[in-house]
file my_file-v2.txt (compact mmCIF, C-alpha atoms and all ligand atoms)
# COMPACT_ATOMS: atom_id res chain seq x y z
CA MET A 1 11.58 3.45 28.31
CA GLY A 2 12.88 2.28 24.95
CA GLN A 3 15.13 -0.68 24.35
CA VAL A 4 18.63 -0.56 22.91
CA ILE A 5 19.41 -3.63 20.80
CA ALA A 6 22.96 -4.30 19.57
CA VAL A 7 23.19 -6.24 16.31
CA VAL A 8 26.55 -8.00 16.24
CA SER A 9 28.53 -10.78 14.57
CA GLY A 10 32.01 -12.22 14.88
CA LYS A 11 32.61 -12.61 11.16
CA GLY A 12 32.13 -9.64 8.83
CA GLY A 13 29.54 -9.47 6.09
CA THR A 14 26.95 -11.70 7.78
CA GLY A 15 24.12 -9.22 7.17
CA LYS A 16 24.02 -6.90 10.21
CA THR A 17 23.46 -3.71 8.24
CA SER A 18 20.78 -5.32 6.05
CA PHE A 19 19.12 -6.56 9.25
CA VAL A 20 19.22 -3.23 11.12
CA SER A 21 17.90 -1.24 8.15
CA HIS A 22 15.04 -3.60 7.32
CA VAL A 23 13.96 -4.57 10.82
CA GLY A 24 14.13 -0.86 11.70
CA LEU A 25 11.87 0.01 8.76
CA TYR A 26 9.37 -2.73 9.57
CA LEU A 27 9.26 -1.73 13.26
CA ALA A 28 8.55 1.86 12.21
CA ASP A 29 5.91 0.59 9.78
CA MET A 30 4.24 -1.01 12.83
CA GLY A 31 4.00 2.46 14.39
CA LYS A 32 7.09 2.27 16.62
CA ARG A 33 9.58 5.10 17.02
CA VAL A 34 12.92 3.68 15.93
CA LEU A 35 16.49 4.99 15.82
CA CYS A 36 18.99 3.13 13.63
CA LEU A 37 22.43 3.97 14.98
CA ASP A 38 25.50 3.19 12.88
CA CYS A 39 28.39 2.13 15.15
CA ASP A 40 30.63 1.01 12.28
CA VAL A 41 33.09 3.89 12.54
CA GLY A 42 35.04 4.40 9.33
CA LEU A 43 33.03 1.78 7.39
CA ARG A 44 29.55 3.19 7.88
CA ASN A 45 26.95 2.21 5.28
CA LEU A 46 23.68 2.08 7.19
CA ASP A 47 22.64 5.34 5.47
CA ILE A 48 22.87 3.61 2.07
CA ALA A 49 21.00 0.53 3.30
CA LEU A 50 18.18 2.76 4.57
CA GLY A 51 18.02 4.71 1.31
CA MET A 52 19.34 7.80 3.15
CA SER A 53 22.68 8.21 1.45
CA ASP A 54 24.23 11.60 2.25
CA CYS A 55 21.17 12.71 4.27
CA ALA A 56 23.08 13.03 7.55
CA VAL A 57 25.51 15.88 8.10
CA MET A 58 26.29 15.25 11.77
CA ASP A 59 27.27 11.97 13.41
CA PHE A 60 27.12 10.55 16.93
CA THR A 61 30.58 11.87 17.87
CA ASP A 62 29.21 15.39 17.28
CA VAL A 63 26.68 14.63 20.04
CA LEU A 64 29.25 13.00 22.35
CA GLU A 65 31.66 15.90 21.98
CA GLY A 66 29.00 18.58 22.38
CA ARG A 67 29.07 20.07 18.86
CA CYS A 68 25.31 19.53 18.55
CA GLY A 69 22.37 17.98 20.36
CA LEU A 70 20.86 14.56 19.63
CA GLU A 71 17.85 16.16 17.91
CA GLU A 72 20.10 17.97 15.43
CA ALA A 73 22.24 14.92 14.64
CA MET A 74 19.49 12.39 13.97
CA VAL A 75 17.80 12.51 10.58
CA PRO A 76 14.19 11.44 9.85
CA HIS A 77 13.66 8.91 7.08
CA PRO A 78 12.17 10.66 4.04
CA GLN A 79 9.55 7.95 3.45
CA MET A 80 9.02 6.14 6.76
CA ALA A 81 7.49 8.15 9.60
CA GLY A 82 8.97 7.34 13.00
CA LEU A 83 12.32 6.09 11.68
CA TYR A 84 15.50 8.08 12.30
CA LEU A 85 19.16 7.56 11.46
CA LEU A 86 22.12 8.56 13.60
CA ASN A 87 25.29 8.24 11.56
CA ALA A 88 28.77 7.04 12.49
CA PRO A 89 31.76 9.26 11.75
CA SER A 90 33.79 8.38 8.66
CA LEU A 91 36.91 9.24 10.61
CA LEU A 92 37.59 9.25 14.33
CA ARG A 93 39.31 12.39 15.59
CA ARG A 94 39.70 11.12 19.16
CA PRO A 95 38.78 7.92 21.04
CA ILE A 96 35.10 7.50 21.88
CA ASP A 97 34.27 7.94 25.57
CA PRO A 98 32.14 4.88 26.49
CA ALA A 99 30.53 6.74 29.42
CA ALA A 100 29.42 9.60 27.13
CA PHE A 101 28.09 7.03 24.65
CA GLN A 102 26.03 5.38 27.39
CA ARG A 103 24.67 8.76 28.49
CA MET A 104 23.58 9.38 24.89
CA LEU A 105 21.84 5.96 24.86
CA GLY A 106 20.01 7.08 28.00
CA GLN A 107 18.63 10.11 26.10
CA ILE A 108 17.73 7.85 23.18
CA ARG A 109 15.76 5.47 25.43
CA LEU A 110 13.57 8.38 26.50
CA ARG A 111 12.72 9.34 22.89
CA PHE A 112 12.42 6.01 21.07
CA ASP A 113 10.73 2.63 21.45
CA TYR A 114 13.71 0.86 19.88
CA CYS A 115 17.30 1.79 19.07
CA LEU A 116 19.07 -0.69 16.78
CA LEU A 117 22.88 -0.47 16.94
CA ASP A 118 24.62 -1.62 13.77
CA ALA A 119 27.90 -2.86 15.22
CA ALA A 120 31.24 -3.25 13.49
CA ALA A 121 32.26 -6.85 12.75
CA GLY A 122 34.60 -8.58 15.17
CA LEU A 123 35.15 -8.13 18.86
CA GLY A 124 37.05 -4.83 18.83
CA THR A 125 36.18 -1.30 19.95
CA GLY A 126 33.03 -0.99 17.78
CA PHE A 127 31.70 -4.22 19.26
CA ARG A 128 32.43 -3.17 22.84
CA LEU A 129 30.83 0.21 22.29
CA ALA A 130 27.63 -1.39 20.96
CA VAL A 131 27.32 -4.11 23.60
CA GLY A 132 28.50 -1.93 26.49
CA GLY A 133 25.25 -0.04 26.74
CA CYS A 134 22.65 -2.35 25.18
CA ASP A 135 19.65 -4.03 26.79
CA ARG A 136 19.61 -6.94 24.33
CA ALA A 137 21.90 -8.30 21.63
CA ILE A 138 21.15 -10.07 18.38
CA VAL A 139 23.93 -12.18 16.89
CA VAL A 140 23.65 -12.47 13.11
CA THR A 141 25.33 -15.46 11.50
CA THR A 142 25.18 -17.09 8.10
CA THR A 143 24.98 -20.86 7.70
CA ASP A 144 28.69 -20.97 6.94
CA PRO A 145 30.42 -23.08 9.67
CA THR A 146 33.10 -20.41 10.25
CA SER A 147 30.40 -17.81 10.78
CA LEU A 148 28.56 -20.12 13.20
CA ARG A 149 31.75 -20.70 15.15
CA ASP A 150 32.45 -16.96 15.29
CA ALA A 151 28.88 -16.46 16.52
CA GLN A 152 29.52 -18.86 19.40
CA ARG A 153 32.71 -16.96 20.23
CA THR A 154 30.75 -13.68 20.13
CA VAL A 155 28.15 -15.05 22.53
CA MET A 156 30.90 -15.83 25.04
CA GLU A 157 31.86 -12.15 24.90
CA LEU A 158 28.27 -11.19 25.68
CA GLY A 159 28.43 -12.90 29.07
CA ALA A 160 27.45 -9.71 30.92
CA LEU A 161 23.96 -9.78 29.38
CA PRO A 162 21.43 -11.92 31.25
CA ARG A 163 20.13 -15.14 29.64
CA GLY A 164 17.16 -14.52 27.41
CA ARG A 165 18.58 -11.15 26.34
CA VAL A 166 20.75 -12.57 23.55
CA HIS A 167 19.19 -13.96 20.38
CA LEU A 168 20.42 -15.61 17.21
CA VAL A 169 19.44 -14.80 13.62
CA VAL A 170 20.57 -17.17 10.88
CA ASN A 171 20.86 -15.31 7.58
CA ARG A 172 21.22 -16.35 3.92
CA CYS A 173 19.54 -19.73 4.37
CA ARG A 174 18.96 -21.81 1.24
CA ARG A 175 16.50 -24.62 1.17
CA ARG A 176 18.87 -27.17 -0.35
CA LEU A 177 21.26 -26.56 2.51
CA MET A 178 18.65 -26.41 5.23
CA ARG A 179 18.28 -30.15 5.76
CA SER A 180 22.00 -30.71 6.31
CA LEU A 181 22.30 -27.46 8.19
CA HIS A 182 19.49 -28.07 10.63
CA GLN A 183 21.88 -30.08 12.75
CA THR A 184 24.53 -27.34 12.59
CA ILE A 185 22.08 -24.60 13.46
CA ASP A 186 20.61 -26.68 16.27
CA ASP A 187 24.15 -27.33 17.53
CA ALA A 188 24.93 -23.63 17.39
CA ILE A 189 21.77 -22.80 19.30
CA ASP A 190 22.52 -25.50 21.88
CA THR A 191 26.19 -24.69 22.29
CA ALA A 192 25.60 -20.98 22.44
CA GLY A 193 22.45 -21.48 24.50
CA LEU A 194 20.68 -18.93 22.33
CA PRO A 195 17.04 -18.72 21.41
CA LEU A 196 16.50 -18.36 17.65
CA LEU A 197 14.85 -15.04 16.77
CA GLY A 198 14.57 -15.76 13.06
CA VAL A 199 15.83 -17.33 9.87
CA VAL A 200 16.33 -15.09 6.82
CA PRO A 201 16.47 -16.69 3.37
CA GLU A 202 19.03 -15.95 0.68
CA ASP A 203 17.37 -13.27 -1.43
CA GLU A 204 19.00 -11.54 -4.37
CA ALA A 205 16.53 -8.67 -4.00
CA LEU A 206 18.69 -7.56 -1.04
CA ALA A 207 21.74 -6.93 -3.23
CA LEU A 208 19.47 -5.01 -5.59
CA ALA A 209 18.06 -3.01 -2.67
CA MET A 210 21.55 -2.10 -1.40
CA GLY A 211 22.81 -1.37 -4.94
CA ARG A 212 19.96 1.00 -5.71
CA GLY A 213 19.81 2.43 -2.20
CA VAL A 214 16.13 1.48 -2.03
CA PRO A 215 15.20 -0.85 0.85
CA LEU A 216 12.87 -3.83 0.24
CA PRO A 217 9.63 -2.26 1.56
CA PHE A 218 9.94 0.47 -1.10
CA LEU A 219 10.78 -2.06 -3.83
CA HIS A 220 7.48 -3.76 -2.92
CA SER A 221 9.52 -6.88 -2.31
CA ASP A 222 7.78 -8.03 0.84
CA ARG A 223 8.49 -11.69 0.21
CA TYR A 224 11.41 -13.93 1.18
CA ALA A 225 13.91 -11.79 3.16
CA GLY A 226 11.44 -8.90 3.46
CA ARG A 227 8.86 -11.21 4.97
CA ALA A 228 11.45 -12.69 7.34
CA TYR A 229 12.52 -9.23 8.54
CA ARG A 230 8.90 -8.24 9.09
CA ASN A 231 8.31 -11.41 11.13
CA ILE A 232 11.40 -10.67 13.21
CA ALA A 233 10.21 -7.10 13.83
CA GLN A 234 6.92 -8.54 15.09
CA ARG A 235 8.75 -11.01 17.37
CA ILE A 236 10.83 -8.15 18.80
CA THR A 237 7.59 -6.45 19.86
CA GLY A 238 6.52 -9.66 21.59
CA GLN A 239 4.16 -11.11 18.96
CA ARG A 240 4.27 -14.83 18.29
CA VAL A 241 5.02 -15.47 14.62
CA PRO A 242 5.96 -18.90 13.23
CA LEU A 243 9.39 -19.36 11.63
CA LEU A 244 9.49 -18.73 7.86
CA ARG A 245 9.57 -21.78 5.61
CA ILE A 246 12.61 -21.49 3.38
CA ARG A 247 11.79 -22.09 -0.30
N1 LIG B 1 19.66 -12.75 3.08
C1 LIG B 1 20.51 -12.28 2.16
N2 LIG B 1 20.42 -12.69 0.86
C2 LIG B 1 21.27 -12.22 -0.08
N3 LIG B 1 22.26 -11.33 0.16
C3 LIG B 1 22.40 -10.88 1.43
C4 LIG B 1 21.56 -11.32 2.49
N4 LIG B 1 21.92 -10.67 3.63
C5 LIG B 1 22.96 -9.87 3.30
N5 LIG B 1 23.25 -10.00 1.97
C6 LIG B 1 24.32 -9.30 1.23
O1 LIG B 1 25.55 -9.55 1.90
C7 LIG B 1 26.38 -8.40 1.86
C8 LIG B 1 26.78 -8.02 3.27
O2 LIG B 1 25.62 -7.62 3.99
P1 LIG B 1 25.68 -6.50 5.11
O3 LIG B 1 26.40 -5.28 4.62
O4 LIG B 1 24.30 -6.34 5.62
O5 LIG B 1 26.59 -7.27 6.18
P2 LIG B 1 27.32 -6.69 7.48
O6 LIG B 1 27.30 -7.79 8.48
O7 LIG B 1 26.72 -5.39 7.87
O8 LIG B 1 28.79 -6.45 6.92
P3 LIG B 1 30.02 -5.74 7.75
O9 LIG B 1 30.49 -6.75 8.76
O10 LIG B 1 31.03 -5.47 6.66
O11 LIG B 1 29.46 -4.50 8.36
C9 LIG B 1 25.57 -7.31 1.13
O12 LIG B 1 25.97 -7.29 -0.21
C10 LIG B 1 24.12 -7.79 1.25
O13 LIG B 1 23.32 -7.36 0.16
MG MG B 2 27.63 -3.55 8.25
call {"tool": "encode", "arguments": {"input": "my_file-v2.txt", "output": "structure tokens", "more": "lines below"}}
Ligand SMILES: Nc1ncnc2c1ncn2[C@@H]1O[C@H](COP(=O)(O)OP(=O)(O)OP(=O)(O)O)[C@@H](O)[C@H]1O
Ligand SMILES: [Mg+2]
result
Amino acid sequence: MGQVIAVVSGKGGTGKTSFVSHVGLYLADMGKRVLCLDCDVGLRNLDIALGMSDCAVMDFTDVLEGRCGLEEAMVPHPQMAGLYLLNAPSLLRRPIDPAAFQRMLGQIRLRFDYCLLDAAAGLGTGFRLAVGGCDRAIVVTTTDPTSLRDAQRTVMELGALPRGRVHLVVNRCRRRLMRSLHQTIDDAIDTAGLPLLGVVPEDEALALAMGRGVPLPFLHSDRYAGRAYRNIAQRITGQRVPLLRIR
């Protein structure tokens, strides 16, 4: 049975989509079958982050509402075997039925090792949809104090998930800030009671990757953020990998 992992944040723009696309690619590169599922209805951009812009014709509401099957809606990545994208709709015609969404996740668990849900920012419908049916959640925060506070708030909303099933990723870390931030990050981990899954450095290659629609592994930029995402993918599969030193 595969695992469904919701990638969430309180504050917007913390790096969820960058995380889902890259960790998804690195998991697939390790031989896993991975579905990246965009839950950001109306503001979807996971296709661009994966380098699959305009590849998907159908979206997950087509599956939920019976217009097509899961197999027809999910699109294989053109360069990474084992990685598939299931798109979000750009417009919602009718409210999403959470029970139907959970049934679809059940089908997904049978076909994939991992399903990464790219949630919408905030604690609204997109968030509830993603966390309602997940097995684990990853809260992505930046080192910005407002983002850390929003992460703590998000964790409180994840109360239904058992301890040890919620992890923290701190994104956009810069070395100069790390010393003063250690305390803040430690506080966030303590207050939220969350184990740290990884630290991702600030890396301008990511903006380049998103701008060109070419993810880091295909830009041969397997350093800095790319390396951090690969390490996180390995930790998700249960390997022990030391935390990245931020340069
Ligand atoms: N580690 C990083 N270093 C540099 N830039 C980054 C990093 N992580 C994310 N970014 C940039 O931050 C911006 C927002 O990232 P992303 O779209 O992944 O966030 P998000 O949490 O999905 O946003 P939203 O809440 O709007 O869905 C993008 O321009 C991305 O390139
Ligand atoms: Mg996003």
call {"tool": "residues_near_ligand", "arguments": {"input": "my_file-v2.txt", "ligand": "ligand MG 2 (chain B)", "cutoff": "9 Å", "atoms": "only C-alpha atoms and all ligand atoms", "output": "ChimeraX atom specification"}}
result
/A:12-18,20,38-40,43-46,118-121
call {"tool": "atom_distance", "arguments": {"input": "my_file-v2.txt", "atom1": "atom CA of A:Ala6", "atom2": "atom CA of A:Ile138"}}
result
6.2 Å
call {"tool": "atom_distance", "arguments": {"input": "my_file-v2.txt", "atom1": "atom CA of A:Val241", "atom2": "atom CA of A:Val199"}}
result
12.0 Å
call {"tool": "atom_distance", "arguments": {"input": "my_file-v2.txt", "atom1": "atom CA of A:Ile232", "atom2": "atom O10 of ligand LIG 1 (chain B)"}}
result
21.3 Å
call {"tool": "closest_residue", "arguments": {"input": "my_file-v2.txt", "among": "A:Glu71, A:Asp29, A:Asp62, A:Asp47", "to": "ligand LIG 1 (chain B)", "atoms": "all atoms listed in the file"}}
result
A:Asp47
